[in-house]
Amino acid sequence: MVVVNSIENGIVIDHIRVGNGLKVLEKLGIDTTKNTVALIMNASSGKHERKDIIKIENSEWIDLTALGLLDHTATVNIIQNHVITKKIKLSLPERVVDVIKCKNPRCVTSVEPSIPHIFHLVDPKTEEYRCEYCDEIIKV
Amino acid sequence: MADLLGRNLLEPGDFSAEELAGLFDLADVIADAPADFDRRAVGKILATLFFEPSTRTRLSFEAAMLRLGGQVIGFSEAGSSSAMKGESIADTVRTVACYSDIIAMRHPKEGSARIGAIHSNVPLINAGDGGHHHPTQTLTDMLTIRRKMGRLDNLTIGLAGDLKFGRTVHSLINAMKIYPNIKFVLMSPEELKVPDFVKYDIQSGNGSTFVETTDMQGAMKELDILYMTRVQRERFFNEEDYIRLKDRYILDNDKMSYAKEDMIVLHPLPRVNEIAVEVDSDPRAVYFEQAKNGMFVRMALILSLLGIE
Ligand SMILES: [Zn+2]
């Protein structure tokens with residue numbers, strides 16, 4: 001098995017849905033940071049399950065709203081001196097600003113400059129969001 | 001009616017059932033004696049910002065303001081006004097709000113009215129934002145239903161035609177769902193079924209329910225209200241789809257023979273051919289009366305948002 005060293009200080013995003021790791025890396029802009037980053041794909045999780053993991057060395061902050069939107073079943077561990085000092089459980093955010101864009105070509109957000117793209121959670125079960133302006137439903 | 005002073009109207013759901021009842025009461029009073037109101041808005045200016053043309057709606061707003069003794073400025077399409085070319089909605093509205101006491105805005109993009117309202121410091125009325133909402137048409141429909149049926153609850157409302165892009169349909173559902181025991185019968189071809197957000201909207205109502213069907217004739221007998229809509233050419237990406245779908249769901253005397261004696265037929269107008277002319281003489285056809293109600297309810301709305309007694 002691939003061995004990836006544990007980190008001294010930083011953030012570990014664990015239990016990412018398998019295959020979703022690369023997307024999380026890109027969407028959260030982790031791939032453009034100067035920190036050392038490890039992406040582990042297809043790690044074993046329990047007997048039959050697989051997961052992705054991201055480790056970011058010396059990082060203290062990630063966008064939890066965006067991560068919650070991308071993969072709310074993931075967990076975030078804050079590591080200090082090799083010890084997990086904080087475990088954060090994610091949830092789907094009620095309101096997201098400037099993370100997703102409206103897919104409705106008739107939406108005003110497609111023409112009006114410099115307005116925030118705002119979405120509201122419709123139903124956590126279906127993971128659907130509603131555009132603040134045109135009411136378009138977007139599944140994330 | 002002081003509670004509506006300074007408010008915006010972006011979608012029918014912006015007003016509570018009590019506020020709507022007050023508005024319709026005032027519209028009824030105006031309808032009975034319009035001349036009593038002809039000096040109420042003297043010195044006030046309505047700006048009609050029509051980024052896309054809609055002569056019927058614009059005339060209704062302008063007639064309403066003029067009949068209140070007020071004045072009107074505005075433009076009737078974005079291209080006719082060089083000052084507005086390339087300018088954002090936000091900047092246009094900010095500017096016009098300096099000149100006027102109240103704004104009626106129409107724009108082809110969905111959600112545009114909300115942007116306008118954020119940047120306006122005078123009341124803003126959504127006069128149609130793309131396929132999204134057209135609340136003053138809805139107020140017109142509701143006033144007509146109330147005057148004809150004597151109530152806004154316990155109704156089975158059939159909606160026929162273009163339920164996908166038909167903004168008047170979405171707005172009427174958004175407005176009527178707040179009343180107890182409303183059943184919507186959604187009659188459309190597969191291609192023009194209501195979008196998901198409208199279904200969510202019905203489910204969030206006051207016990208409102210819906211059924212979808214492609215069989216308009218079969219559904220006629222249970223309806224209290226039949227709301228007809230036009231299948232609009234400009235909502236289609238290609239001509240072929242438009243021609244194939246526009247002639248279904250046409251109302252004629254034959255279909256009317258399956259309906260209740262006291263059912264009423266509404267239509268936002270203008271019609272193309274979705275209601276046969278032979279239906280016009282049926283006493284249940286009230287769509288021409290609707291236009292007049294539209295002016296009265298806009299008069300009531302302007303007075304209420306301006307806080308004029
Ligand atoms: Zn949108």
# chains A, B, ... in the order shown; residues from 1 in each chain; ligands from 1
>>> interface_residues(of="chain B", to="chain A", cutoff="9 Å", atoms="only C-alpha atoms", output="number ranges by chain")
B: 88-90, 108-115, 129-132, 195-197, 200
>>> write_last_selection(atoms="N, CA, C and O atoms", output="mmCIF file, in the first residue's frame")
data_model
loop_
_atom_site.group_PDB
_atom_site.id
_atom_site.type_symbol
_atom_site.label_atom_id
_atom_site.label_comp_id
_atom_site.auth_asym_id
_atom_site.auth_seq_id
_atom_site.Cartn_x
_atom_site.Cartn_y
_atom_site.Cartn_z
ATOM 1 N N SER B 88 -25.833 48.762 -16.799
ATOM 2 C CA SER B 88 -26.360 47.674 -15.984
ATOM 3 C C SER B 88 -27.759 48.026 -15.499
ATOM 4 O O SER B 88 -28.143 49.191 -15.457
ATOM 5 N N ILE B 89 -28.523 47.008 -15.120
ATOM 6 C CA ILE B 89 -29.844 47.228 -14.546
ATOM 7 C C ILE B 89 -29.698 48.079 -13.292
ATOM 8 O O ILE B 89 -30.460 49.023 -13.064
ATOM 9 N N ALA B 90 -28.696 47.743 -12.488
ATOM 10 C CA ALA B 90 -28.482 48.462 -11.226
ATOM 11 C C ALA B 90 -28.338 49.965 -11.461
ATOM 12 O O ALA B 90 -28.990 50.774 -10.801
ATOM 13 N N PRO B 108 -36.258 41.133 -19.968
ATOM 14 C CA PRO B 108 -36.358 39.740 -20.439
ATOM 15 C C PRO B 108 -35.656 38.709 -19.547
ATOM 16 O O PRO B 108 -35.959 37.518 -19.639
ATOM 17 N N LYS B 109 -34.742 39.135 -18.685
ATOM 18 C CA LYS B 109 -33.996 38.155 -17.887
ATOM 19 C C LYS B 109 -34.719 37.814 -16.584
ATOM 20 O O LYS B 109 -35.264 38.692 -15.904
ATOM 21 N N GLU B 110 -34.663 36.542 -16.222
ATOM 22 C CA GLU B 110 -35.361 36.069 -15.026
ATOM 23 C C GLU B 110 -34.610 36.487 -13.761
ATOM 24 O O GLU B 110 -33.411 36.278 -13.649
ATOM 25 N N GLY B 111 -35.339 37.100 -12.844
ATOM 26 C CA GLY B 111 -34.722 37.570 -11.606
ATOM 27 C C GLY B 111 -34.251 39.013 -11.687
ATOM 28 O O GLY B 111 -33.729 39.561 -10.713
ATOM 29 N N SER B 112 -34.434 39.651 -12.840
ATOM 30 C CA SER B 112 -33.976 41.035 -13.028
ATOM 31 C C SER B 112 -34.664 42.017 -12.075
ATOM 32 O O SER B 112 -34.048 42.976 -11.614
ATOM 33 N N ALA B 113 -35.938 41.758 -11.767
ATOM 34 C CA ALA B 113 -36.671 42.680 -10.899
ATOM 35 C C ALA B 113 -36.047 42.745 -9.504
ATOM 36 O O ALA B 113 -36.034 43.798 -8.865
ATOM 37 N N ARG B 114 -35.519 41.615 -9.033
ATOM 38 C CA ARG B 114 -34.889 41.606 -7.711
ATOM 39 C C ARG B 114 -33.649 42.498 -7.711
ATOM 40 O O ARG B 114 -33.391 43.229 -6.755
ATOM 41 N N ILE B 115 -32.879 42.435 -8.800
ATOM 42 C CA ILE B 115 -31.710 43.315 -8.925
ATOM 43 C C ILE B 115 -32.179 44.778 -8.900
ATOM 44 O O ILE B 115 -31.600 45.620 -8.212
ATOM 45 N N ASP B 129 -40.500 39.587 -15.518
ATOM 46 C CA ASP B 129 -39.059 39.336 -15.682
ATOM 47 C C ASP B 129 -38.854 37.993 -16.375
ATOM 48 O O ASP B 129 -38.705 36.961 -15.750
ATOM 49 N N GLY B 130 -38.834 38.030 -17.698
ATOM 50 C CA GLY B 130 -38.646 36.829 -18.507
ATOM 51 C C GLY B 130 -39.736 35.812 -18.230
ATOM 52 O O GLY B 130 -40.890 36.177 -18.067
ATOM 53 N N GLY B 131 -39.354 34.562 -18.147
ATOM 54 C CA GLY B 131 -40.339 33.514 -17.888
ATOM 55 C C GLY B 131 -40.617 33.326 -16.408
ATOM 56 O O GLY B 131 -41.227 32.356 -16.012
ATOM 57 N N HIS B 132 -40.198 34.246 -15.590
ATOM 58 C CA HIS B 132 -40.193 34.068 -14.141
ATOM 59 C C HIS B 132 -41.506 34.495 -13.490
ATOM 60 O O HIS B 132 -42.347 33.671 -13.198
ATOM 61 N N PRO B 195 -41.923 23.591 -14.642
ATOM 62 C CA PRO B 195 -40.604 23.265 -14.085
ATOM 63 C C PRO B 195 -40.715 22.825 -12.620
ATOM 64 O O PRO B 195 -41.729 23.082 -11.963
ATOM 65 N N ASP B 196 -39.654 22.177 -12.144
ATOM 66 C CA ASP B 196 -39.657 21.646 -10.778
ATOM 67 C C ASP B 196 -39.912 22.706 -9.715
ATOM 68 O O ASP B 196 -40.586 22.452 -8.725
ATOM 69 N N PHE B 197 -39.371 23.926 -9.924
ATOM 70 C CA PHE B 197 -39.529 24.912 -8.848
ATOM 71 C C PHE B 197 -40.993 25.259 -8.615
ATOM 72 O O PHE B 197 -41.391 25.581 -7.497
ATOM 73 N N TYR B 200 -42.397 22.484 -6.351
ATOM 74 C CA TYR B 200 -42.006 22.753 -4.960
ATOM 75 C C TYR B 200 -42.903 23.833 -4.373
ATOM 76 O O TYR B 200 -43.306 23.788 -3.216
#
>>> residues_around(residues="Ile30 of chain B", least_positions_apart="3", cutoff="12 Å", atoms="only C-alpha atoms", output="ChimeraX atom specification")
/B:23-27,33-38,40,64,67-68,292-301,303
>>> select_by_dssp(residues="segment 1-38 of chain A", states="strand (DSSP E)", output="number ranges by chain")
A: 10-17, 37-38
>>> atom_distance(atom1="atom CA of Ile118 of chain A", atom2="atom CA of Lys23 of chain A")
21.1 Å
>>> residues_around(residues="segment 13-18 of chain A", least_positions_apart="2", cutoff="12 Å", atoms="only C-alpha atoms", output="compact mmCIF listing (two decimals) with all heavy atoms, in the first residue's frame")
# COMPACT_ATOMS: atom_id res chain seq x y z
N GLY A 10 -1.47 21.00 10.16
CA GLY A 10 -2.22 21.24 8.92
C GLY A 10 -3.64 20.70 8.97
O GLY A 10 -4.22 20.56 10.05
N ILE A 11 -4.16 20.39 7.80
CA ILE A 11 -5.56 19.96 7.70
C ILE A 11 -5.64 18.66 6.91
O ILE A 11 -4.99 18.51 5.87
CB ILE A 11 -6.41 21.04 6.98
CG1 ILE A 11 -6.49 22.31 7.85
CG2 ILE A 11 -7.81 20.52 6.67
CD1 ILE A 11 -7.20 23.46 7.18
N ASN A 20 -13.95 11.88 -5.82
CA ASN A 20 -14.30 13.29 -5.68
C ASN A 20 -13.09 14.16 -5.27
O ASN A 20 -13.17 15.38 -5.27
CB ASN A 20 -15.41 13.42 -4.62
CG ASN A 20 -16.49 14.39 -5.04
OD1 ASN A 20 -16.49 14.88 -6.16
ND2 ASN A 20 -17.40 14.67 -4.12
N GLY A 21 -11.98 13.49 -4.92
CA GLY A 21 -10.83 14.19 -4.35
C GLY A 21 -10.25 15.26 -5.24
O GLY A 21 -9.97 16.38 -4.80
N LEU A 22 -10.12 14.93 -6.53
CA LEU A 22 -9.52 15.85 -7.46
C LEU A 22 -10.38 17.11 -7.63
O LEU A 22 -9.87 18.22 -7.69
CB LEU A 22 -9.35 15.15 -8.82
CG LEU A 22 -8.30 15.72 -9.76
CD1 LEU A 22 -6.93 15.71 -9.10
CD2 LEU A 22 -8.25 14.89 -11.05
N LYS A 23 -11.70 16.88 -7.64
CA LYS A 23 -12.65 17.99 -7.77
C LYS A 23 -12.54 18.92 -6.56
O LYS A 23 -12.51 20.15 -6.70
CB LYS A 23 -14.07 17.41 -7.87
CG LYS A 23 -15.11 18.36 -8.40
CD LYS A 23 -16.37 17.57 -8.74
CE LYS A 23 -17.61 18.40 -8.64
NZ LYS A 23 -18.83 17.58 -8.66
N VAL A 24 -12.46 18.33 -5.36
CA VAL A 24 -12.32 19.13 -4.15
C VAL A 24 -11.04 19.97 -4.20
O VAL A 24 -11.04 21.16 -3.89
CB VAL A 24 -12.33 18.22 -2.89
CG1 VAL A 24 -11.95 19.00 -1.64
CG2 VAL A 24 -13.69 17.56 -2.71
N LEU A 25 -9.98 19.30 -4.66
CA LEU A 25 -8.68 19.96 -4.77
C LEU A 25 -8.77 21.21 -5.65
O LEU A 25 -8.30 22.29 -5.29
CB LEU A 25 -7.70 18.96 -5.41
CG LEU A 25 -6.25 18.98 -5.00
CD1 LEU A 25 -6.10 18.74 -3.51
CD2 LEU A 25 -5.49 17.89 -5.76
N LEU A 28 -11.66 24.04 -4.41
CA LEU A 28 -11.28 24.81 -3.22
C LEU A 28 -9.97 25.57 -3.42
O LEU A 28 -9.51 26.26 -2.52
CB LEU A 28 -11.17 23.89 -2.00
CG LEU A 28 -12.45 23.77 -1.15
CD1 LEU A 28 -13.59 23.17 -1.94
CD2 LEU A 28 -12.20 22.97 0.11
N ILE A 30 -7.09 24.35 -3.60
CA ILE A 30 -5.99 23.78 -2.81
C ILE A 30 -4.79 23.49 -3.72
O ILE A 30 -3.64 23.57 -3.31
CB ILE A 30 -6.45 22.48 -2.10
CG1 ILE A 30 -7.61 22.79 -1.14
CG2 ILE A 30 -5.30 21.83 -1.32
CD1 ILE A 30 -8.35 21.57 -0.63
N VAL A 37 0.87 19.31 -0.48
CA VAL A 37 -0.46 18.69 -0.50
C VAL A 37 -0.35 17.24 -0.94
O VAL A 37 0.38 16.94 -1.88
CB VAL A 37 -1.40 19.45 -1.47
CG1 VAL A 37 -2.75 18.74 -1.58
CG2 VAL A 37 -1.59 20.90 -1.02
N ALA A 38 -1.05 16.36 -0.24
CA ALA A 38 -1.12 14.96 -0.68
C ALA A 38 -2.57 14.62 -0.99
O ALA A 38 -3.46 14.91 -0.20
CB ALA A 38 -0.60 14.04 0.41
N LEU A 39 -2.77 14.03 -2.17
CA LEU A 39 -4.11 13.54 -2.51
C LEU A 39 -4.03 12.02 -2.58
O LEU A 39 -3.24 11.47 -3.35
CB LEU A 39 -4.57 14.10 -3.86
CG LEU A 39 -5.78 13.41 -4.50
CD1 LEU A 39 -7.03 13.53 -3.63
CD2 LEU A 39 -6.05 13.99 -5.90
N ILE A 40 -4.78 11.36 -1.73
CA ILE A 40 -4.78 9.90 -1.72
C ILE A 40 -6.12 9.44 -2.28
O ILE A 40 -7.17 9.81 -1.75
CB ILE A 40 -4.58 9.36 -0.29
CG1 ILE A 40 -3.26 9.93 0.28
CG2 ILE A 40 -4.55 7.83 -0.30
CD1 ILE A 40 -3.29 10.08 1.77
N MET A 41 -6.07 8.69 -3.36
CA MET A 41 -7.31 8.23 -3.98
C MET A 41 -7.49 6.75 -3.72
O MET A 41 -6.51 6.00 -3.63
CB MET A 41 -7.28 8.52 -5.48
CG MET A 41 -7.20 10.02 -5.77
SD MET A 41 -6.71 10.38 -7.45
CE MET A 41 -8.28 10.34 -8.28
N ASN A 42 -8.75 6.33 -3.63
CA ASN A 42 -9.07 4.91 -3.45
C ASN A 42 -8.48 4.30 -2.18
O ASN A 42 -8.08 3.14 -2.19
CB ASN A 42 -8.60 4.09 -4.65
CG ASN A 42 -9.59 4.17 -5.78
OD1 ASN A 42 -10.79 4.12 -5.54
ND2 ASN A 42 -9.09 4.30 -6.99
N ALA A 43 -8.36 5.08 -1.13
CA ALA A 43 -7.89 4.52 0.14
C ALA A 43 -8.98 3.62 0.71
O ALA A 43 -10.15 3.85 0.47
CB ALA A 43 -7.58 5.65 1.11
N SER A 44 -8.56 2.59 1.47
CA SER A 44 -9.60 1.72 2.03
C SER A 44 -10.20 2.36 3.26
O SER A 44 -9.54 3.06 4.02
CB SER A 44 -9.04 0.34 2.35
OG SER A 44 -8.01 0.47 3.30
N SER A 45 -11.48 2.13 3.40
CA SER A 45 -12.22 2.70 4.52
C SER A 45 -13.21 1.65 4.96
O SER A 45 -14.22 1.41 4.32
CB SER A 45 -12.93 3.98 4.04
OG SER A 45 -13.86 4.41 5.01
N GLY A 46 -12.86 0.94 6.03
CA GLY A 46 -13.71 -0.17 6.45
C GLY A 46 -13.48 -1.35 5.53
O GLY A 46 -12.55 -1.37 4.73
N GLU A 49 -15.44 -0.43 1.77
CA GLU A 49 -15.59 0.95 1.29
C GLU A 49 -14.25 1.53 0.81
O GLU A 49 -13.18 1.08 1.20
CB GLU A 49 -16.13 1.84 2.42
CG GLU A 49 -17.37 1.28 3.10
CD GLU A 49 -18.61 1.43 2.25
OE1 GLU A 49 -18.87 2.55 1.79
OE2 GLU A 49 -19.29 0.41 2.01
N ARG A 50 -14.37 2.52 -0.06
CA ARG A 50 -13.20 3.26 -0.54
C ARG A 50 -13.46 4.75 -0.35
O ARG A 50 -14.60 5.20 -0.31
CB ARG A 50 -12.97 2.99 -2.03
CG ARG A 50 -12.57 1.56 -2.34
CD ARG A 50 -11.06 1.38 -2.25
NE ARG A 50 -10.68 -0.01 -1.99
CZ ARG A 50 -9.42 -0.39 -1.83
NH1 ARG A 50 -8.44 0.51 -1.87
NH2 ARG A 50 -9.12 -1.64 -1.59
N LYS A 51 -12.39 5.51 -0.21
CA LYS A 51 -12.54 6.94 0.00
C LYS A 51 -11.32 7.68 -0.55
O LYS A 51 -10.30 7.06 -0.85
CB LYS A 51 -12.68 7.24 1.50
CG LYS A 51 -11.42 6.88 2.30
CD LYS A 51 -11.56 7.18 3.78
CE LYS A 51 -10.28 6.80 4.53
NZ LYS A 51 -10.35 7.06 5.97
N ASP A 52 -11.42 8.97 -0.68
CA ASP A 52 -10.28 9.82 -1.02
C ASP A 52 -9.91 10.65 0.21
O ASP A 52 -10.77 10.92 1.06
CB ASP A 52 -10.62 10.77 -2.19
CG ASP A 52 -10.76 10.01 -3.52
OD1 ASP A 52 -10.57 8.78 -3.53
OD2 ASP A 52 -11.07 10.67 -4.53
N ILE A 53 -8.65 11.01 0.29
CA ILE A 53 -8.18 11.82 1.42
C ILE A 53 -7.28 12.94 0.88
O ILE A 53 -6.52 12.71 -0.06
CB ILE A 53 -7.34 10.97 2.42
CG1 ILE A 53 -8.12 9.72 2.88
CG2 ILE A 53 -6.91 11.81 3.63
CD1 ILE A 53 -7.26 8.69 3.59
N ILE A 54 -7.38 14.10 1.46
CA ILE A 54 -6.46 15.20 1.10
C ILE A 54 -5.76 15.68 2.37
O ILE A 54 -6.41 15.90 3.40
CB ILE A 54 -7.22 16.37 0.44
CG1 ILE A 54 -7.79 15.95 -0.92
CG2 ILE A 54 -6.30 17.59 0.27
CD1 ILE A 54 -8.72 16.98 -1.54
N LYS A 55 -4.44 15.77 2.29
CA LYS A 55 -3.67 16.30 3.43
C LYS A 55 -2.97 17.58 2.99
O LYS A 55 -2.31 17.59 1.95
CB LYS A 55 -2.63 15.28 3.90
CG LYS A 55 -3.26 13.95 4.34
CD LYS A 55 -2.22 13.03 4.96
CE LYS A 55 -2.88 11.72 5.40
NZ LYS A 55 -2.00 10.89 6.21
N ILE A 56 -3.15 18.62 3.77
CA ILE A 56 -2.54 19.91 3.42
C ILE A 56 -1.65 20.34 4.59
O ILE A 56 -2.15 20.56 5.70
CB ILE A 56 -3.61 21.01 3.19
CG1 ILE A 56 -4.78 20.45 2.35
CG2 ILE A 56 -3.00 22.24 2.52
CD1 ILE A 56 -6.06 21.25 2.51
N GLU A 57 -0.37 20.43 4.29
CA GLU A 57 0.57 20.74 5.37
C GLU A 57 0.57 22.24 5.67
O GLU A 57 0.52 23.06 4.75
CB GLU A 57 1.98 20.27 4.97
CG GLU A 57 2.86 19.95 6.16
CD GLU A 57 4.08 19.12 5.74
OE1 GLU A 57 4.78 19.55 4.80
OE2 GLU A 57 4.30 18.05 6.34
N SER A 59 -1.51 24.29 6.71
CA SER A 59 -2.66 25.11 6.32
C SER A 59 -3.58 25.26 7.53
O SER A 59 -3.70 24.35 8.35
CB SER A 59 -3.41 24.43 5.17
OG SER A 59 -4.65 25.07 5.00
N TRP A 61 -6.68 27.14 7.14
CA TRP A 61 -8.03 27.52 6.72
C TRP A 61 -8.39 26.88 5.39
O TRP A 61 -7.58 26.86 4.46
CB TRP A 61 -8.12 29.04 6.59
CG TRP A 61 -9.52 29.50 6.24
CD1 TRP A 61 -10.53 29.77 7.11
CD2 TRP A 61 -10.05 29.71 4.92
NE1 TRP A 61 -11.66 30.12 6.43
CE2 TRP A 61 -11.40 30.10 5.09
CE3 TRP A 61 -9.54 29.59 3.63
CZ2 TRP A 61 -12.24 30.38 4.01
CZ3 TRP A 61 -10.37 29.87 2.55
CH2 TRP A 61 -11.71 30.27 2.75
N ILE A 62 -9.60 26.34 5.29
CA ILE A 62 -10.17 25.99 3.98
C ILE A 62 -11.62 26.48 3.96
O ILE A 62 -12.21 26.76 5.01
CB ILE A 62 -10.14 24.47 3.68
CG1 ILE A 62 -10.76 23.69 4.85
CG2 ILE A 62 -8.74 24.00 3.35
CD1 ILE A 62 -11.15 22.29 4.46
N ASP A 63 -12.17 26.58 2.77
CA ASP A 63 -13.53 27.08 2.61
C ASP A 63 -14.53 25.97 2.94
O ASP A 63 -14.84 25.12 2.11
CB ASP A 63 -13.72 27.57 1.17
CG ASP A 63 -15.07 28.26 0.97
OD1 ASP A 63 -15.97 28.07 1.81
OD2 ASP A 63 -15.20 28.99 -0.03
N LEU A 64 -15.01 25.98 4.19
CA LEU A 64 -15.90 24.90 4.64
C LEU A 64 -17.26 24.94 3.94
O LEU A 64 -17.89 23.91 3.75
CB LEU A 64 -16.09 24.99 6.16
CG LEU A 64 -14.86 24.64 7.01
CD1 LEU A 64 -15.13 24.96 8.48
CD2 LEU A 64 -14.46 23.19 6.86
N LEU A 67 -16.69 23.32 0.61
CA LEU A 67 -16.47 21.89 0.82
C LEU A 67 -17.77 21.19 1.20
O LEU A 67 -18.08 20.10 0.70
CB LEU A 67 -15.40 21.66 1.90
CG LEU A 67 -15.02 20.20 2.18
CD1 LEU A 67 -14.53 19.51 0.91
CD2 LEU A 67 -13.97 20.10 3.27
N GLY A 68 -18.56 21.82 2.05
CA GLY A 68 -19.86 21.27 2.45
C GLY A 68 -20.75 21.06 1.25
O GLY A 68 -21.49 20.09 1.13
N LEU A 70 -19.65 20.62 -1.90
CA LEU A 70 -19.09 19.59 -2.79
C LEU A 70 -19.25 18.19 -2.22
O LEU A 70 -19.52 17.24 -2.94
CB LEU A 70 -17.60 19.86 -3.01
CG LEU A 70 -17.23 21.00 -3.94
CD1 LEU A 70 -15.73 21.26 -3.85
CD2 LEU A 70 -17.60 20.66 -5.38
N ASP A 71 -19.04 18.07 -0.91
CA ASP A 71 -19.03 16.74 -0.30
C ASP A 71 -19.29 16.86 1.19
O ASP A 71 -18.36 16.90 2.00
CB ASP A 71 -17.67 16.07 -0.56
CG ASP A 71 -17.72 14.58 -0.28
OD1 ASP A 71 -18.64 14.14 0.45
OD2 ASP A 71 -16.85 13.87 -0.79
N HIS A 72 -20.57 16.87 1.56
CA HIS A 72 -20.87 17.13 2.97
C HIS A 72 -20.68 15.91 3.86
O HIS A 72 -20.81 15.99 5.07
CB HIS A 72 -22.29 17.70 3.13
CG HIS A 72 -23.35 16.72 2.77
ND1 HIS A 72 -23.68 16.41 1.48
CD2 HIS A 72 -24.16 15.95 3.54
CE1 HIS A 72 -24.64 15.51 1.46
NE2 HIS A 72 -24.95 15.21 2.70
N THR A 73 -20.35 14.74 3.25
CA THR A 73 -20.09 13.58 4.10
C THR A 73 -18.61 13.47 4.47
O THR A 73 -18.22 12.59 5.23
CB THR A 73 -20.54 12.27 3.40
OG1 THR A 73 -19.91 12.20 2.12
CG2 THR A 73 -22.05 12.23 3.23
N ALA A 74 -17.78 14.36 3.92
CA ALA A 74 -16.36 14.37 4.28
C ALA A 74 -16.19 14.92 5.71
O ALA A 74 -17.10 15.54 6.25
CB ALA A 74 -15.58 15.23 3.29
N THR A 75 -15.03 14.64 6.31
CA THR A 75 -14.75 15.24 7.62
C THR A 75 -13.44 16.01 7.52
O THR A 75 -12.58 15.70 6.71
CB THR A 75 -14.60 14.17 8.72
OG1 THR A 75 -13.63 13.22 8.29
CG2 THR A 75 -15.91 13.47 9.00
N VAL A 76 -13.33 17.04 8.35
CA VAL A 76 -12.13 17.86 8.34
C VAL A 76 -11.44 17.73 9.69
O VAL A 76 -12.07 17.94 10.73
CB VAL A 76 -12.48 19.34 8.06
CG1 VAL A 76 -11.24 20.21 8.16
CG2 VAL A 76 -13.12 19.49 6.68
N ASN A 77 -10.16 17.32 9.67
CA ASN A 77 -9.39 17.22 10.91
C ASN A 77 -8.31 18.29 10.92
O ASN A 77 -7.55 18.42 9.97
CB ASN A 77 -8.71 15.84 11.02
CG ASN A 77 -9.73 14.71 11.05
OD1 ASN A 77 -10.83 14.86 11.60
ND2 ASN A 77 -9.38 13.60 10.44
N ILE A 78 -8.23 19.03 12.02
CA ILE A 78 -7.17 20.01 12.19
C ILE A 78 -6.05 19.34 13.01
O ILE A 78 -6.31 18.80 14.08
CB ILE A 78 -7.66 21.27 12.96
CG1 ILE A 78 -8.98 21.79 12.38
CG2 ILE A 78 -6.58 22.34 13.02
CD1 ILE A 78 -8.87 22.42 11.01
N ILE A 79 -4.86 19.37 12.46
CA ILE A 79 -3.73 18.68 13.12
C ILE A 79 -2.74 19.71 13.68
O ILE A 79 -2.33 20.63 12.97
CB ILE A 79 -2.96 17.79 12.10
CG1 ILE A 79 -3.91 16.99 11.21
CG2 ILE A 79 -1.94 16.91 12.83
CD1 ILE A 79 -4.57 15.82 11.85
N ILE A 84 -4.75 15.33 16.36
CA ILE A 84 -5.99 15.93 15.88
C ILE A 84 -6.57 16.80 16.99
O ILE A 84 -6.96 16.30 18.05
CB ILE A 84 -7.02 14.85 15.48
CG1 ILE A 84 -6.50 14.02 14.31
CG2 ILE A 84 -8.36 15.50 15.11
CD1 ILE A 84 -7.39 12.84 13.94
N LYS A 86 -8.97 19.15 16.38
CA LYS A 86 -10.37 19.52 16.11
C LYS A 86 -10.89 18.68 14.96
O LYS A 86 -10.20 18.50 13.95
CB LYS A 86 -10.44 21.01 15.76
CG LYS A 86 -11.83 21.61 15.94
CD LYS A 86 -11.79 23.10 15.70
CE LYS A 86 -13.19 23.70 15.74
NZ LYS A 86 -13.19 25.07 15.22
N LYS A 87 -12.10 18.12 15.13
CA LYS A 87 -12.76 17.38 14.06
C LYS A 87 -14.00 18.19 13.66
O LYS A 87 -14.81 18.54 14.52
CB LYS A 87 -13.23 16.02 14.59
CG LYS A 87 -12.32 14.86 14.23
CD LYS A 87 -12.98 13.56 14.71
CE LYS A 87 -12.16 12.32 14.39
NZ LYS A 87 -11.84 12.07 12.98
N ILE A 88 -14.09 18.50 12.38
CA ILE A 88 -15.25 19.29 11.94
C ILE A 88 -16.15 18.42 11.08
O ILE A 88 -15.70 17.82 10.11
CB ILE A 88 -14.80 20.53 11.14
CG1 ILE A 88 -13.86 21.40 11.99
CG2 ILE A 88 -16.01 21.33 10.67
CD1 ILE A 88 -13.15 22.49 11.20
N LYS A 89 -17.41 18.32 11.48
CA LYS A 89 -18.39 17.61 10.66
C LYS A 89 -19.03 18.60 9.71
O LYS A 89 -19.46 19.68 10.11
CB LYS A 89 -19.46 16.96 11.55
CG LYS A 89 -19.17 15.48 11.79
CD LYS A 89 -20.38 14.73 12.29
CE LYS A 89 -21.00 13.70 11.36
NZ LYS A 89 -20.22 13.00 10.40
N LEU A 90 -19.12 18.25 8.47
CA LEU A 90 -19.66 19.20 7.48
C LEU A 90 -21.16 19.02 7.31
O LEU A 90 -21.72 17.98 7.63
CB LEU A 90 -18.98 18.98 6.14
CG LEU A 90 -17.49 19.29 6.11
CD1 LEU A 90 -16.87 18.69 4.88
CD2 LEU A 90 -17.26 20.79 6.15
>>> atom_distance(atom1="atom CA of Glu11 of chain B", atom2="atom CA of Lys199 of chain B")
16.3 Å
>>> closest_residue(among="B:Glu278, B:Ala21, B:Gly13, B:Lys260", to="Arg147 of chain B", atoms="only C-alpha atoms")
B:Ala21
>>> residues_around(residues="Ala97 of chain B", least_positions_apart="2", cutoff="12 Å", atoms="only C-alpha atoms", output="NGL selection string")
:B and (45-49 or 73-74 or 89-95 or 99-105 or 116-124)
>>> residues_around(residues="Leu223 of chain B", least_positions_apart="5", cutoff="9 Å", atoms="only C-alpha atoms", output="list in words")
Leu155, Thr156, Ile157, Gly158, Val185, Ala259, Lys260, Met263 and Ile264 of chain B
>>> atom_distance(atom1="atom CA of Leu143 of chain B", atom2="atom CA of Asn8 of chain B")
19.1 Å
>>> select_by_dssp(residues="chain A", states="helix (DSSP H, G or I)", output="list in words")
Gly21, Leu22, Lys23, Val24, Leu25, Glu26, Lys27, Ile30, Asp31, Thr32, Leu64, Thr65, Ala66, Leu67, Gly68, Leu69, Leu70, Val108, Thr109 and Ser110 of chain A
>>> residues_around(residues="Ser257 of chain B", least_positions_apart="5", cutoff="12 Å", atoms="only C-alpha atoms", output="list in words")
Gln217, Gly218, Met220, Lys221, Leu251, Asp252, Asp262, Met263, Val279, Asp282 and Arg284 of chain B
